[in-house]
file model.cif (mmCIF, C-alpha atoms)
data_run
loop_
_atom_site.label_atom_id
_atom_site.label_comp_id
_atom_site.auth_asym_id
_atom_site.auth_seq_id
_atom_site.Cartn_x
_atom_site.Cartn_y
_atom_site.Cartn_z
CA MET F 1 -134.67 -32.47 -175.51
CA GLU F 2 -137.95 -30.68 -175.66
CA TYR F 3 -137.41 -29.35 -172.14
CA HIS F 4 -133.96 -27.98 -172.93
CA HIS F 5 -135.20 -26.48 -176.20
CA ALA F 6 -138.03 -24.73 -174.42
CA SER F 7 -135.64 -23.45 -171.78
CA ALA F 8 -133.35 -22.05 -174.45
CA MET F 9 -136.28 -20.34 -176.09
CA ASN F 10 -137.49 -18.92 -172.81
CA GLY F 11 -133.99 -17.63 -172.09
CA GLY F 12 -133.91 -15.92 -175.46
CA VAL F 13 -137.32 -14.36 -174.89
CA SER F 14 -136.29 -13.14 -171.46
CA GLU F 15 -133.12 -11.60 -172.84
CA TYR F 16 -135.16 -9.91 -175.59
CA LEU F 17 -137.63 -8.54 -173.05
CA VAL F 18 -134.79 -7.13 -170.94
CA ILE F 19 -133.27 -5.39 -173.98
CA GLU F 20 -136.67 -4.10 -175.08
CA SER F 21 -137.38 -2.86 -171.56
CA LYS F 22 -134.05 -0.98 -171.46
CA HIS F 23 -134.78 0.52 -174.89
CA ASN F 24 -138.24 1.70 -173.80
CA CYS F 25 -136.77 3.12 -170.61
CA THR F 26 -134.14 5.06 -172.57
CA CYS F 27 -136.74 6.40 -175.00
CA LYS F 28 -138.93 7.49 -172.10
CA GLN F 29 -136.03 9.25 -170.41
CA GLU F 30 -135.10 11.03 -173.65
CA LYS F 31 -138.72 12.11 -174.15
CA GLU F 32 -139.00 13.40 -170.58
CA SER F 33 -135.69 15.24 -170.93
CA LYS F 34 -136.84 16.87 -174.17
CA GLU F 35 -140.17 17.87 -172.64
CA ALA F 36 -138.36 19.42 -169.66
CA ALA F 37 -136.06 21.38 -171.98
CA ASP F 38 -139.02 22.57 -174.10
CA SER F 39 -140.87 23.65 -170.96
CA LYS F 40 -137.84 25.63 -169.78
CA LYS F 41 -137.52 27.37 -173.15
CA LEU F 42 -141.24 28.21 -173.13
CA ALA F 43 -140.90 29.78 -169.68
CA LEU F 44 -137.94 31.89 -170.84
CA ILE F 45 -139.88 33.20 -173.83
CA GLU F 46 -142.94 33.86 -171.66
CA ASN F 47 -140.85 35.91 -169.22
CA ALA F 48 -139.34 37.82 -172.12
CA TYR F 49 -142.79 38.80 -173.39
CA SER F 50 -143.76 39.94 -169.88
CA THR F 51 -140.70 42.18 -169.87
CA ILE F 52 -141.59 43.60 -173.29
CA LEU F 53 -145.16 44.37 -172.26
CA THR F 54 -143.94 46.06 -169.09
CA GLY F 55 -141.44 48.06 -171.14
CA LEU F 56 -144.30 49.25 -173.36
CA GLY F 57 -146.04 50.64 -170.28
CA GLU F 58 -148.64 47.87 -169.99
CA ASP F 59 -149.86 46.25 -166.80
CA VAL F 60 -149.25 42.50 -167.23
CA ASP F 61 -151.54 41.83 -164.27
CA ARG F 62 -154.64 43.31 -165.85
CA GLU F 63 -157.28 40.82 -166.96
CA GLY F 64 -156.74 41.08 -170.70
CA LEU F 65 -153.00 40.44 -170.44
CA LEU F 66 -152.84 37.77 -167.74
CA ARG F 67 -152.12 34.93 -170.18
CA THR F 68 -150.83 37.00 -173.09
CA PRO F 69 -147.11 36.29 -172.43
CA LEU F 70 -147.77 32.55 -172.41
CA ARG F 71 -149.96 32.67 -175.51
CA ALA F 72 -147.38 34.79 -177.32
CA ALA F 73 -144.59 32.40 -176.30
CA LYS F 74 -146.51 29.39 -177.66
CA ALA F 75 -147.30 31.29 -180.85
CA MET F 76 -143.64 32.17 -181.34
CA GLN F 77 -142.62 28.53 -180.85
CA PHE F 78 -145.13 27.50 -183.52
CA LEU F 79 -144.03 30.22 -185.93
CA THR F 80 -140.42 29.04 -185.61
CA LYS F 81 -141.02 25.28 -185.42
CA GLY F 82 -138.86 24.79 -188.50
CA TYR F 83 -135.78 24.83 -186.29
CA LYS F 84 -136.82 21.42 -184.94
CA GLU F 85 -137.38 19.84 -188.37
CA THR F 86 -135.04 18.66 -191.12
CA THR F 87 -135.55 17.72 -194.74
CA GLN F 88 -134.10 14.27 -194.02
CA ASP F 89 -136.96 13.59 -191.61
CA ILE F 90 -139.61 14.10 -194.27
CA LEU F 91 -137.86 12.87 -197.43
CA ASN F 92 -136.32 9.55 -196.39
CA ASP F 93 -139.35 7.48 -197.42
CA ALA F 94 -140.65 9.76 -200.17
CA ILE F 95 -137.98 9.60 -202.91
CA PHE F 96 -138.71 7.13 -205.70
CA ASP F 97 -136.82 5.79 -208.71
CA GLU F 98 -138.65 6.90 -211.83
CA ASN F 99 -137.59 7.19 -215.46
CA HIS F 100 -138.92 10.72 -215.88
CA GLU F 101 -136.83 13.63 -217.14
CA GLU F 102 -139.39 16.32 -217.91
CA MET F 103 -140.01 19.37 -215.75
CA VAL F 104 -142.00 18.98 -212.53
CA ILE F 105 -143.59 22.16 -211.20
CA VAL F 106 -145.51 22.85 -207.99
CA LYS F 107 -146.69 26.44 -207.90
CA ASP F 108 -148.57 28.73 -205.51
CA ILE F 109 -147.29 27.09 -202.32
CA GLU F 110 -148.43 29.45 -199.57
CA LEU F 111 -145.77 30.46 -197.06
CA PHE F 112 -145.63 32.48 -193.87
CA SER F 113 -142.40 33.53 -192.22
CA LEU F 114 -140.91 36.07 -189.82
CA CYS F 115 -138.43 38.71 -190.93
CA GLU F 116 -135.36 38.34 -188.73
CA HIS F 117 -134.75 42.09 -188.74
CA HIS F 118 -138.02 43.19 -187.11
CA LEU F 119 -139.75 39.92 -186.12
CA VAL F 120 -142.81 40.83 -188.18
CA PRO F 121 -144.39 38.55 -190.80
CA PHE F 122 -143.82 38.27 -194.49
CA PHE F 123 -146.03 36.00 -196.54
CA GLY F 124 -146.68 34.98 -200.09
CA LYS F 125 -146.21 32.07 -202.47
CA ALA F 126 -143.37 29.83 -203.58
CA HIS F 127 -143.08 28.25 -207.02
CA ILE F 128 -140.79 25.24 -207.38
CA ALA F 129 -139.58 23.24 -210.37
CA TYR F 130 -137.03 20.49 -210.82
CA LEU F 131 -135.76 18.37 -213.68
CA PRO F 132 -135.62 14.77 -212.42
CA ASN F 133 -132.48 12.69 -212.82
CA LYS F 134 -134.08 9.24 -212.39
CA LYS F 135 -135.52 10.31 -209.01
CA VAL F 136 -138.82 11.96 -208.11
CA VAL F 137 -140.25 13.03 -204.78
CA GLY F 138 -143.78 13.02 -203.41
CA LEU F 139 -145.25 16.36 -204.45
CA SER F 140 -146.50 17.28 -200.99
CA LYS F 141 -142.92 17.02 -199.73
CA LEU F 142 -141.95 20.09 -201.73
CA ALA F 143 -144.53 22.06 -199.78
CA ARG F 144 -143.16 20.55 -196.56
CA ILE F 145 -139.66 21.76 -197.44
CA VAL F 146 -141.05 25.26 -197.89
CA GLU F 147 -142.74 24.94 -194.49
CA ILE F 148 -139.55 23.81 -192.72
CA TYR F 149 -137.44 26.76 -193.88
CA SER F 150 -140.17 29.41 -193.76
CA ARG F 151 -140.94 28.57 -190.12
CA ARG F 152 -137.67 30.10 -189.03
CA LEU F 153 -136.45 33.66 -188.67
CA GLN F 154 -135.63 34.54 -192.25
CA VAL F 155 -134.77 36.92 -195.03
CA GLN F 156 -136.48 36.11 -198.29
CA GLU F 157 -133.25 35.81 -200.26
CA ARG F 158 -131.84 33.13 -197.93
CA LEU F 159 -135.17 31.30 -197.73
CA THR F 160 -135.27 30.97 -201.52
CA LYS F 161 -131.73 29.60 -201.63
CA GLN F 162 -132.29 27.16 -198.75
CA ILE F 163 -135.34 25.62 -200.44
CA ALA F 164 -133.50 25.19 -203.74
CA SER F 165 -130.38 23.77 -202.09
CA ALA F 166 -132.39 21.26 -200.02
CA ILE F 167 -134.12 19.91 -203.13
CA ALA F 168 -130.85 19.76 -205.07
CA GLU F 169 -129.11 17.88 -202.27
CA ALA F 170 -131.92 15.38 -201.75
CA LEU F 171 -132.75 14.55 -205.38
CA GLU F 172 -129.57 15.40 -207.29
CA PRO F 173 -131.71 16.59 -210.21
CA ALA F 174 -130.55 18.09 -213.49
CA GLY F 175 -131.87 21.45 -212.32
CA VAL F 176 -133.86 23.24 -209.62
CA ALA F 177 -135.72 26.53 -209.81
CA VAL F 178 -137.43 28.41 -206.98
CA VAL F 179 -139.27 31.72 -207.14
CA ILE F 180 -140.85 33.40 -204.11
CA GLU F 181 -143.28 36.32 -204.27
CA ALA F 182 -143.96 37.87 -200.85
CA VAL F 183 -145.32 40.89 -199.04
CA HIS F 184 -143.28 42.13 -196.08
CA MET F 185 -145.16 43.72 -193.21
CA CYS F 186 -142.00 45.63 -192.22
CA MET F 187 -142.58 47.62 -195.45
CA VAL F 188 -146.36 47.78 -195.12
CA MET F 189 -146.88 48.51 -191.41
CA ARG F 190 -143.74 50.53 -190.66
CA GLY F 191 -140.88 52.23 -192.48
CA VAL F 192 -141.90 53.32 -195.97
CA GLN F 193 -145.46 51.94 -195.49
CA LYS F 194 -145.97 50.94 -199.12
CA MET F 195 -149.15 48.85 -199.17
CA ASN F 196 -148.77 47.36 -202.65
CA ALA F 197 -145.05 46.59 -202.65
CA SER F 198 -144.07 42.95 -203.12
CA THR F 199 -140.69 41.27 -203.34
CA VAL F 200 -139.72 38.58 -205.85
CA THR F 201 -136.62 36.43 -205.40
CA SER F 202 -135.36 33.52 -207.47
CA VAL F 203 -132.69 30.85 -207.42
CA MET F 204 -131.80 28.82 -210.53
CA LEU F 205 -129.54 25.78 -210.27
CA GLY F 206 -128.19 23.37 -212.87
CA ARG F 207 -129.93 23.49 -216.24
CA PHE F 208 -132.27 26.25 -215.09
CA HIS F 209 -129.18 28.40 -214.60
CA ASP F 210 -127.36 27.33 -217.75
CA ASP F 211 -130.23 26.77 -220.20
CA THR F 212 -132.18 29.88 -221.16
CA LYS F 213 -134.95 27.81 -222.76
CA ALA F 214 -135.57 25.75 -219.59
CA ARG F 215 -135.56 28.87 -217.43
CA LYS F 216 -137.98 30.67 -219.74
CA GLU F 217 -140.34 27.68 -219.80
CA PHE F 218 -140.39 27.57 -216.00
CA LEU F 219 -141.04 31.29 -215.63
CA THR F 220 -143.74 31.24 -218.31
CA LEU F 221 -145.61 28.32 -216.72
CA THR F 222 -145.17 29.62 -213.19
CA LEU F 223 -145.78 33.34 -213.36
CA LYS F 224 -148.62 33.44 -215.86
CA LYS F 225 -151.93 34.42 -214.27
#
call {"tool": "encode", "arguments": {"input": "model.cif", "output": "structure tokens"}}
result
Amino acid sequence: MEYHHASAMNGGVSEYLVIESKHNCTCKQEKESKEAADSKKLALIENAYSTILTGLGEDVDREGLLRTPLRAAKAMQFLTKGYKETTQDILNDAIFDENHEEMVIVKDIELFSLCEHHLVPFFGKAHIAYLPNKKVVGLSKLARIVEIYSRRLQVQERLTKQIASAIAEALEPAGVAVVIEAVHMCMVMRGVQKMNASTVTSVMLGRFHDDTKARKEFLTLTLKK
């Protein structure tokens, strides 16, 4: 009896090891495939930067520019890394049941993004508030949501709406408010070249949209210096 029991156990272990081995093999193949795809994309961007530099009249073979296309390609991938991230990835284990209904505000969240019209930066701060409906989220996750959507080619109006919508969808709160204040280098470095111009956008959902008192409280707490 003991012999047969041990054999059965060994058979089960062997079967488990085979399944685990197949799983690890699949994961490895998926990782290698992803790395190959990322490498191909990096090469395409690098070649594109070489073409741009040549079009500007530069010599891409001179010492100072030898690795510039590659460095620029890696920088662009970092600046747009939000395309590879989702709010579900960061919020799944960070939403908690909590009997709290008062306003939660996280202000002065720094953001950096690229204007999709000229591929030059805009940067500033985001201010976020929500009115919990029995659910709260880890505060750092609000900053992570800002990071995900700002690290894409953007216009400020859409960025503001995407942040608010992501929070509303994840938490189902009584209200969400987002205000972004940003400076756009396409206005500072080119075009009208107005050094002190800044852009403010806002999105108010739920009670922040319907309740003047809630909206005023948020704006007072957020925008006061």
call {"tool": "closest_residue", "arguments": {"input": "model.cif", "among": "F:Leu111, F:Ile145, F:Ala72, F:Ala126", "to": "Gln88 of chain F", "atoms": "all atoms listed in the file"}}
result
F:Ile145
call {"tool": "atom_distance", "arguments": {"input": "model.cif", "atom1": "atom CA of Glu110 of chain F", "atom2": "atom CA of Ala143 of chain F"}}
result
8.4 Å
call {"tool": "closest_residue", "arguments": {"input": "model.cif", "among": "F:Leu119, F:Met204, F:Ala129, F:Val146", "to": "His184 of chain F", "atoms": "all atoms listed in the file"}}
result
F:Leu119
call {"tool": "closest_residue", "arguments": {"input": "model.cif", "among": "F:Glu181, F:Glu116, F:Glu172, F:Glu85", "to": "Leu205 of chain F", "atoms": "all atoms listed in the file"}}
result
F:Glu172
call {"tool": "resolve_selection", "arguments": {"input": "model.cif", "expression": "the PyMOL selection byres ((chain F and resi 185) around 12)", "output": "list in words"}}
result
Phe112, Ser113, Leu114, Cys115, His117, His118, Leu119, Val120, Pro121, Phe122, Phe123, Gly124, Ala182, Val183, His184, Cys186, Met187, Val188, Met189, Arg190, Gly191, Val192, Gln193, Lys194, Met195, Asn196, Ala197, Ser198 and Thr199 of chain F
call {"tool": "resolve_selection", "arguments": {"input": "model.cif", "expression": "the PyMOL selection byres ((chain F and resi 140) around 12)", "output": "VMD selection string"}}
result
chain F and resid 90 to 91 94 to 95 105 to 107 109 128 136 to 139 141 to 147
call {"tool": "residues_near_point", "arguments": {"input": "model.cif", "point": "(-132.3, 33.0, -209.1)", "cutoff": "9 Å", "atoms": "only C-alpha atoms", "output": "PDB file with C-alpha atoms, in the frame of the given file"}}
result
ATOM      1  CA  THR F 160    -135.270  30.970-201.520  1.00  0.00           C
ATOM      2  CA  LYS F 161    -131.730  29.600-201.630  1.00  0.00           C
ATOM      3  CA  ALA F 177    -135.720  26.530-209.810  1.00  0.00           C
ATOM      4  CA  VAL F 178    -137.430  28.410-206.980  1.00  0.00           C
ATOM      5  CA  VAL F 179    -139.270  31.720-207.140  1.00  0.00           C
ATOM      6  CA  THR F 201    -136.620  36.430-205.400  1.00  0.00           C
ATOM      7  CA  SER F 202    -135.360  33.520-207.470  1.00  0.00           C
ATOM      8  CA  VAL F 203    -132.690  30.850-207.420  1.00  0.00           C
ATOM      9  CA  MET F 204    -131.800  28.820-210.530  1.00  0.00           C
ATOM     10  CA  LEU F 205    -129.540  25.780-210.270  1.00  0.00           C
ATOM     11  CA  HIS F 209    -129.180  28.400-214.600  1.00  0.00           C
TER      12      HIS F 209
END
call {"tool": "atom_distance", "arguments": {"input": "model.cif", "atom1": "atom CA of Ile52 of chain F", "atom2": "atom CA of Gln154 of chain F"}}
result
21.8 Å
call {"tool": "atom_distance", "arguments": {"input": "model.cif", "atom1": "atom CA of Gln162 of chain F", "atom2": "atom CA of Val176 of chain F"}}
result
11.7 Å
call {"tool": "closest_residue", "arguments": {"input": "model.cif", "among": "F:His100, F:His127, F:Arg152, F:Arg67", "to": "Lys81 of chain F", "atoms": "all atoms listed in the file"}}
result
F:Arg152
call {"tool": "closest_residue", "arguments": {"input": "model.cif", "among": "F:Leu53, F:Ala36, F:Ala170, F:Ile180", "to": "Thr68 of chain F", "atoms": "all atoms listed in the file"}}
result
F:Leu53
call {"tool": "resolve_selection", "arguments": {"input": "model.cif", "expression": "the PyMOL selection byres ((chain F and resi 83) around 10)", "output": "list in words"}}
result
Gln77, Leu79, Thr80, Lys81, Gly82, Lys84, Glu85, Thr86, Ile148, Tyr149, Ser150, Arg151, Arg152 and Leu153 of chain F
